[in-house]
Structures are given as structure tokens and as C-alpha cells.
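Structure file upload_37.txt; described as compact mmCIF, C-alpha atoms.
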```txt
# COMPACT_ATOMS: atom_id res chain seq x y z
CA MET F 20 0.00 0.00 0.00
CA LYS F 21 0.87 3.65 -0.33
CA ILE F 22 0.21 5.72 2.79
CA LEU F 23 0.28 9.52 3.04
CA ALA F 24 0.27 11.24 6.43
CA VAL F 25 -0.44 14.99 6.53
CA GLY F 26 0.24 17.02 9.66
CA ALA F 27 -0.11 20.71 10.36
CA HIS F 28 3.29 21.36 11.95
CA PRO F 29 6.68 19.68 11.52
CA ASP F 30 6.39 17.46 14.63
CA ASP F 31 2.66 16.64 14.70
CA LEU F 32 2.94 13.34 12.84
CA GLU F 33 5.87 12.19 14.95
CA ILE F 34 3.75 12.76 18.05
CA ALA F 35 0.57 11.07 16.85
CA CYS F 36 1.32 8.40 14.25
CA TYR F 37 5.03 7.76 13.61
CA GLY F 38 4.89 4.44 15.47
CA THR F 39 2.20 3.30 13.05
CA LEU F 40 4.04 4.69 10.02
CA ALA F 41 7.21 2.88 11.09
CA ARG F 42 5.21 -0.36 11.25
CA TYR F 43 3.98 0.15 7.70
CA ILE F 44 7.52 0.67 6.44
CA ASN F 45 8.77 -2.38 8.34
CA GLU F 46 6.04 -4.40 6.64
CA GLY F 47 7.14 -3.22 3.18
CA HIS F 48 4.61 -0.48 2.49
CA SER F 49 5.42 2.94 1.00
CA VAL F 50 4.99 5.93 3.33
CA ALA F 51 5.13 9.66 2.59
CA VAL F 52 4.77 12.41 5.19
CA CYS F 53 3.84 16.04 4.60
CA HIS F 54 3.74 18.97 7.02
CA VAL F 55 1.60 21.86 5.87
CA SER F 56 3.02 24.61 8.07
CA ASN F 57 6.71 25.41 8.38
CA GLY F 58 6.44 25.90 12.16
CA ASN F 59 7.99 29.36 11.97
CA LEU F 60 6.31 30.70 15.13
CA GLY F 61 7.23 27.79 17.40
CA HIS F 62 9.93 29.52 19.44
CA VAL F 63 10.38 32.56 21.67
CA VAL F 64 14.00 33.32 20.69
CA ILE F 65 14.71 31.98 17.18
CA GLU F 66 13.36 34.32 14.49
CA PRO F 67 10.62 32.96 12.16
CA ASP F 68 12.61 32.73 8.91
CA GLU F 69 15.50 30.94 10.59
CA LEU F 70 13.16 28.68 12.55
CA ALA F 71 11.21 27.66 9.44
CA GLU F 72 14.44 26.44 7.85
CA ILE F 73 15.54 24.63 11.02
CA ARG F 74 12.21 22.89 11.51
CA SER F 75 11.97 21.74 7.90
CA LYS F 76 15.38 20.11 8.24
CA GLU F 77 14.34 18.52 11.53
CA ALA F 78 11.21 17.10 9.89
CA ALA F 79 13.23 15.74 6.96
CA ASN F 80 15.65 14.10 9.40
CA ALA F 81 12.75 12.59 11.35
CA ALA F 82 11.24 11.15 8.17
CA ALA F 83 14.63 9.63 7.31
CA VAL F 84 14.72 7.87 10.68
CA ILE F 85 11.74 5.71 9.71
CA GLY F 86 12.43 5.71 5.96
CA ALA F 87 9.51 7.89 4.83
CA LYS F 88 9.50 10.33 1.91
CA HIS F 89 9.18 13.92 3.13
CA TYR F 90 7.15 16.84 1.76
CA THR F 91 6.36 20.32 3.04
CA LEU F 92 3.85 22.93 1.85
CA ASP F 93 5.82 25.68 3.66
CA ILE F 94 2.83 27.67 4.94
CA ASP F 95 3.46 30.03 7.87
CA ASP F 96 2.05 29.13 11.28
CA GLN F 97 -1.52 30.34 11.86
CA TYR F 98 -2.10 30.76 8.12
CA VAL F 99 -3.15 27.23 7.18
CA ASP F 100 -6.41 27.81 5.31
CA SER F 101 -8.51 25.25 3.48
CA ASN F 102 -10.15 28.07 1.52
CA ASN F 103 -6.82 29.17 0.08
CA ASP F 104 -6.65 27.83 -3.47
CA GLU F 105 -2.85 27.98 -3.64
CA GLN F 106 -2.57 25.77 -0.55
CA VAL F 107 -5.09 23.33 -2.01
CA ARG F 108 -3.14 23.12 -5.26
CA LYS F 109 0.09 22.45 -3.38
CA LEU F 110 -1.48 19.56 -1.50
CA VAL F 111 -3.19 18.24 -4.64
CA THR F 112 0.25 17.95 -6.25
CA VAL F 113 1.53 15.91 -3.28
CA ILE F 114 -1.54 13.65 -3.38
CA ARG F 115 -1.26 13.09 -7.13
CA GLU F 116 2.43 12.30 -6.82
CA VAL F 117 1.99 9.87 -3.91
CA GLN F 118 -1.26 8.25 -5.17
CA PRO F 119 -2.18 7.14 -1.63
CA ASP F 120 -4.44 4.22 -0.81
CA PHE F 121 -5.44 6.21 2.26
CA ILE F 122 -4.41 9.26 4.26
CA ILE F 123 -3.81 9.86 7.97
CA THR F 124 -4.35 13.40 9.23
CA HIS F 125 -5.68 15.41 12.18
CA SER F 126 -9.03 15.10 13.87
CA GLU F 127 -11.68 17.45 12.54
CA ASP F 128 -12.31 18.41 16.19
CA ASP F 129 -8.68 19.05 17.19
CA TYR F 130 -7.68 21.81 19.60
CA HIS F 131 -5.50 23.88 17.25
CA ARG F 132 -6.85 25.95 14.36
CA ASP F 133 -3.97 24.89 12.08
CA HIS F 134 -4.80 21.25 12.83
CA VAL F 135 -8.49 21.65 12.02
CA GLN F 136 -7.69 23.58 8.85
CA THR F 137 -5.23 20.85 7.85
CA TYR F 138 -8.02 18.27 8.14
CA GLN F 139 -10.27 20.48 6.01
CA LEU F 140 -7.44 21.07 3.54
CA VAL F 141 -6.91 17.31 3.18
CA PHE F 142 -10.63 16.72 2.76
CA ARG F 143 -10.88 19.34 0.01
CA ALA F 144 -7.62 18.47 -1.73
CA THR F 145 -8.45 14.76 -1.99
CA CYS F 146 -11.62 15.67 -3.87
CA CYS F 147 -9.82 18.15 -6.11
CA ALA F 148 -7.03 15.66 -6.84
CA SER F 149 -9.60 13.27 -8.30
CA LEU F 150 -11.00 15.81 -10.78
CA ALA F 151 -9.64 15.57 -14.32
CA HIS F 152 -10.13 19.28 -14.99
CA TYR F 153 -8.65 20.52 -11.70
CA TYR F 154 -5.26 21.89 -12.71
CA ASP F 155 -2.50 21.99 -10.10
CA GLY F 156 0.22 23.25 -12.44
CA THR F 157 1.63 19.79 -13.19
CA ASP F 158 1.02 16.95 -15.61
CA LEU F 159 0.50 14.42 -12.82
CA PRO F 160 -2.41 11.99 -13.16
CA THR F 161 -5.52 12.30 -11.03
CA ALA F 162 -5.75 10.37 -7.76
CA GLU F 163 -8.80 8.47 -6.53
CA ILE F 164 -10.68 9.79 -3.51
CA CYS F 165 -9.39 7.65 -0.66
CA PRO F 166 -10.31 6.79 2.92
CA LEU F 167 -9.08 9.09 5.68
CA TYR F 168 -8.04 8.23 9.22
CA GLN F 169 -8.07 10.89 11.92
CA MET F 170 -5.18 10.61 14.38
CA ASP F 171 -4.98 11.28 18.10
CA THR F 172 -4.71 14.72 19.68
CA LEU F 173 -1.92 16.02 21.90
CA ALA F 174 -2.06 14.29 25.31
CA ASN F 175 -5.02 12.20 24.03
CA THR F 176 -7.32 15.07 24.99
CA GLY F 177 -10.90 15.05 23.69
CA PHE F 178 -10.28 12.14 21.31
CA ASP F 179 -11.87 8.70 21.65
CA PRO F 180 -10.20 6.17 19.34
CA THR F 181 -12.25 3.47 17.68
CA GLU F 182 -9.12 1.68 16.44
CA TYR F 183 -5.71 1.11 17.97
CA VAL F 184 -2.34 0.16 16.52
CA ASP F 185 0.19 -1.70 18.67
CA ILE F 186 3.46 0.25 18.43
CA SER F 187 5.34 -1.61 21.16
CA ASP F 188 7.99 -2.69 18.64
CA THR F 189 8.35 0.78 17.11
CA ILE F 190 8.00 3.12 20.12
CA GLU F 191 11.75 3.71 20.36
CA LEU F 192 11.96 4.50 16.64
CA LYS F 193 9.03 6.90 17.03
CA LEU F 194 10.80 8.68 19.88
CA LYS F 195 14.09 8.74 17.98
CA ALA F 196 12.30 10.50 15.11
CA LEU F 197 10.63 12.93 17.54
CA ALA F 198 14.03 13.72 19.08
CA CYS F 199 15.13 15.10 15.70
CA HIS F 200 12.97 18.13 16.53
CA GLU F 201 15.66 19.51 18.79
CA SER F 202 14.47 23.12 18.51
CA GLN F 203 11.15 22.10 20.08
CA ILE F 204 12.43 19.54 22.58
CA VAL F 205 14.99 21.93 24.07
CA TRP F 206 12.66 24.93 24.00
CA MET F 207 9.83 23.08 25.75
CA LYS F 208 12.15 21.81 28.47
CA GLU F 209 13.63 25.27 29.07
CA HIS F 210 10.52 27.40 28.51
CA ASP F 211 7.65 25.14 29.64
CA LYS F 212 9.54 22.70 31.90
CA ILE F 213 8.14 19.78 29.90
CA ASP F 214 10.14 16.68 29.00
CA PHE F 215 8.40 16.22 25.67
CA ILE F 216 9.95 12.85 24.86
CA ASP F 217 8.58 11.48 28.15
CA PHE F 218 5.29 13.30 27.49
CA VAL F 219 4.77 11.48 24.16
CA ARG F 220 5.98 8.14 25.55
CA SER F 221 3.46 8.45 28.39
CA SER F 222 0.60 9.29 26.00
CA SER F 223 1.45 6.21 23.91
CA LYS F 224 1.55 4.09 27.06
CA VAL F 225 -1.91 5.30 28.09
CA ARG F 226 -3.30 4.21 24.71
CA GLY F 227 -1.49 0.92 25.21
CA TYR F 228 -3.19 0.38 28.57
CA GLN F 229 -6.55 0.99 26.92
CA CYS F 230 -6.09 -1.81 24.39
CA GLY F 231 -3.92 -4.24 26.35
CA VAL F 232 -0.46 -3.70 24.82
CA GLY F 233 2.69 -1.89 25.88
CA TYR F 234 2.33 1.14 23.64
CA ALA F 235 -0.32 2.13 21.09
CA GLU F 236 -1.60 4.91 18.86
CA GLY F 237 -5.29 5.65 18.47
CA PHE F 238 -7.27 6.50 15.34
CA ARG F 239 -10.79 7.03 14.02
CA PRO F 240 -11.88 6.43 10.43
CA ASP F 241 -13.44 9.41 8.72
CA MET F 242 -17.15 8.63 8.51
CA HIS F 243 -18.14 10.95 5.67
CA TYR F 244 -19.70 9.55 2.52
CA GLY F 245 -17.18 8.18 0.07
CA ARG F 246 -14.48 7.68 2.72
CA LEU F 247 -15.53 4.29 4.06
CA THR F 248 -14.14 0.93 3.06
CA THR F 249 -14.55 -2.75 3.94
CA LYS F 250 -10.76 -3.19 3.98
CA ARG F 251 -8.63 -3.25 7.10
CA LEU F 252 -6.07 -0.52 6.38
CA LEU F 253 -4.39 -0.01 9.75
CA PRO F 254 -1.70 -2.56 10.71
```
Would you write out, as C-alpha cells, the structure that this file holds?
Amino acid sequence: MKILAVGAHPDDLEIACYGTLARYINEGHSVAVCHVSNGNLGHVVIEPDELAEIRSKEAANAAAVIGAKHYTLDIDDQYVDSNNDEQVRKLVTVIREVQPDFIITHSEDDYHRDHVQTYQLVFRATCCASLAHYYDGTDLPTAEICPLYQMDTLANTGFDPTEYVDISDTIELKLKALACHESQIVWMKEHDKIDFIDFVRSSSKVRGYQCGVGYAEGFRPDMHYGRLTTKRLLP
């Protein structure tokens, strides 16, 4: 299978679904990851332009840890907008290039505006990517509308999974990828007094307790018309 994961910021996928993505790759599937925003406002000291470059490199390094192909739409923080046609076209190009069997992205009820807009952007772009007369500036073929899976929220807050993936064998790889985001890990420890690696490990352990394994990640299938399937897509 071909799997595309789309997150709002450069570390969102590492937090919520990199254990699952690593499992796919270990099982021989093709995985691509895309962050919509460049994360340029995620620091109190580093200036936005410099930070955007740093965080894109960190995300590329994290993708390399698990062996995923990396994309970025390079949208500034707080400006992710599903009504912006340029942003839609950028994501359509990624979708048409990857030709995913399904996509993992944020919950439509997530806590962060950029996250919610990323979900809406994915929902719109998957439809546009399937339209023969929707031009994204390339000669890539159309892509079929595919199922979507909504991933967990930060600290598992306000999200009730209906499906779980056992990531006990990939938790350390997930955390190794997350550690590539040094600008965020160091800043959060110094500024917010949060050990973010432990934070994410603990969240994965809580999901593991819920389904009877060591560590897990939680998901919900998107229930809108045209997004459902009889196939088991999660590992």
C-alpha cells in the first residue's frame, strides 16, 4: 500500500502516528509524510525565517529515521487555510504524486486551528485531486478519492479512538524521530519545563493500557460519505 500522512506542523505526525508509520515501512509499504506549516512561530528566541528552515530540516531528518518520503507545503504558522486555493493546489500535487491508498491526518475536532484547517485542507484536496479538470500546475495523473483516518490529539485530549495500533515494537523508533525536533524539545524543556519525549511516551503508554499492549496509537476512520471501506487498512 501507499500511505500519506499529513500534519499541520513539523512534529505533529511524529507525536501522533510515527509508530504506526514505522510499522507500515517495516512491513514493506510505501509511506510519505507532509507537514503543511513550516512551524515558523514555534519559538520565543529563534526568528521565524530561521526557525522555518531549522524545523523543515528537523522534519526531513525525522522522516529519514523511519524511511519515509518527506514533503512540506511551507505555509506560515496560523495561516493554514482550506479556503486558500494555492494551498489546495500544493497539497493536490503531493496527493497526485503519492497516489495514496489512504491518508492519515488530524481530527476534525482538534484543539489547534492549524490542525483543524489541515483536516479540512486534506478533505478538500483529496476531492480536487480526483478531478480531471482541476489543474495543479503539473502533468501528474488524477488520484482516486481515498479513505481518511483521523489521528490522536496532543495528550489524548478530547479524542476517543475506535481503532488502535500496537506500536510496542516501534515506540523507540518513534521517539528517535521525535528527538530530531531539537528546537522544540529543548525549547519546551527550558521554557515550559516539559520533557516532551517522556510526554509522548506516556501518552502512547496510556493508549497501550486501553487496548492491552505496551504502547499504542489511536485513530478514528473518517465517517463521511465516500471515505468508508470494507478493507482493514491499519496494521
Show me, as JSON lines, the residues of stretch 20-78 of chain F having an atom within 9 Å of stretch 84-98 of chain F, each with the closest atom pair and its distance in Å, using all atoms listed in the file.
```
{"residue": "F:Ala27", "atom": "CA", "partner": "F:Asp96", "partner_atom": "CA", "distance": 8.7}
{"residue": "F:His28", "atom": "CA", "partner": "F:Asp96", "partner_atom": "CA", "distance": 7.9}
{"residue": "F:Pro29", "atom": "CA", "partner": "F:Thr91", "partner_atom": "CA", "distance": 8.5}
{"residue": "F:Tyr37", "atom": "CA", "partner": "F:Ile85", "partner_atom": "CA", "distance": 8.0}
{"residue": "F:Leu40", "atom": "CA", "partner": "F:Ile85", "partner_atom": "CA", "distance": 7.8}
{"residue": "F:Ala41", "atom": "CA", "partner": "F:Ile85", "partner_atom": "CA", "distance": 5.5}
{"residue": "F:Ile44", "atom": "CA", "partner": "F:Gly86", "partner_atom": "CA", "distance": 7.1}
{"residue": "F:Asn45", "atom": "CA", "partner": "F:Ile85", "partner_atom": "CA", "distance": 8.7}
{"residue": "F:Ser49", "atom": "CA", "partner": "F:Ala87", "partner_atom": "CA", "distance": 7.5}
{"residue": "F:Val50", "atom": "CA", "partner": "F:Ala87", "partner_atom": "CA", "distance": 5.1}
{"residue": "F:Ala51", "atom": "CA", "partner": "F:Lys88", "partner_atom": "CA", "distance": 4.5}
{"residue": "F:Val52", "atom": "CA", "partner": "F:His89", "partner_atom": "CA", "distance": 5.1}
{"residue": "F:Cys53", "atom": "CA", "partner": "F:Tyr90", "partner_atom": "CA", "distance": 4.4}
{"residue": "F:His54", "atom": "CA", "partner": "F:Thr91", "partner_atom": "CA", "distance": 5.0}
{"residue": "F:Val55", "atom": "CA", "partner": "F:Leu92", "partner_atom": "CA", "distance": 4.7}
{"residue": "F:Ser56", "atom": "CA", "partner": "F:Ile94", "partner_atom": "CA", "distance": 4.4}
{"residue": "F:Asn57", "atom": "CA", "partner": "F:Asp93", "partner_atom": "CA", "distance": 4.8}
{"residue": "F:Gly58", "atom": "CA", "partner": "F:Asp96", "partner_atom": "CA", "distance": 5.5}
{"residue": "F:Asn59", "atom": "CA", "partner": "F:Asp96", "partner_atom": "CA", "distance": 6.0}
{"residue": "F:Leu60", "atom": "CA", "partner": "F:Asp96", "partner_atom": "CA", "distance": 6.0}
{"residue": "F:Gly61", "atom": "CA", "partner": "F:Asp96", "partner_atom": "CA", "distance": 8.1}
{"residue": "F:Pro67", "atom": "CA", "partner": "F:Asp95", "partner_atom": "CA", "distance": 8.8}
{"residue": "F:Ala71", "atom": "CA", "partner": "F:Asp93", "partner_atom": "CA", "distance": 8.1}
{"residue": "F:Ser75", "atom": "CA", "partner": "F:Thr91", "partner_atom": "CA", "distance": 7.6}
{"residue": "F:Ala78", "atom": "CA", "partner": "F:His89", "partner_atom": "CA", "distance": 7.7}
```
Once 3 Å is added on each side, what centre and edge lengths in Å to one decimal does the axis-aligned box around all listed atoms of stretch 111-130 of chain F have, as AutoDock Vina command-line options?
```
--center_x -4.9 --center_y 13.0 --center_z 6.2 --size_x 20.7 --size_y 23.6 --size_z 32.7
```
Spatial sel., origin (-11.2, 17.3, -3.8), limit 12 Å, only C-alpha atoms, listed as a ChimeraX atom specification: /F:101,104,107-108,110-112,114-115,139-155,161-165,245
Minimum-distance residue to F:Ala24, chosen among F:His131, F:Arg220, F:His243, F:His125 (using all atoms listed in the file): F:His125
Interatomic distance, atom CA of F:Leu32 to atom CA of F:Pro160 (Å, one decimal): 26.6 Å
Between atom CA of F:Val99 and atom CA of F:Arg132, distance in Å (one decimal): 8.2 Å
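The gap separating atom CA of F:Ala174 from atom CA of F:Ser221 is 8.6 Å, in Å to one decimal.
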Nearby residues (all atoms listed in the file) at most 7 Å from F:Phe238, same-chain spacing under 3 positions excluded, as a ChimeraX atom specification: /F:168-171,180-183
Residue with smallest distance to F:Gly233 - pool F:Asp31, F:Ile216, F:Gln203, F:Thr189, counting all atoms listed in the file: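 Among the listed residues, F:Thr189 lies closest to F:Gly233.
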Closest of F:Cys199, F:Met20, F:Val232, F:Ile123 to F:His48 - atom-to-atom distances counting all atoms listed in the file: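 Selected residue with least distance to F:His48: F:Met20.
Counting all atoms listed in the file and comparing F:Thr39, F:Thr172, F:Thr137, F:Asn103, the residue that lies closest to F:Ser187 is F:Thr39.
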Top pick for closest residue to F:Val219, considering F:Gln136, F:Arg239, F:Val184, F:Ala35 and counting only C-alpha atoms: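 Smallest separation from F:Val219 among the options: F:Ala35.
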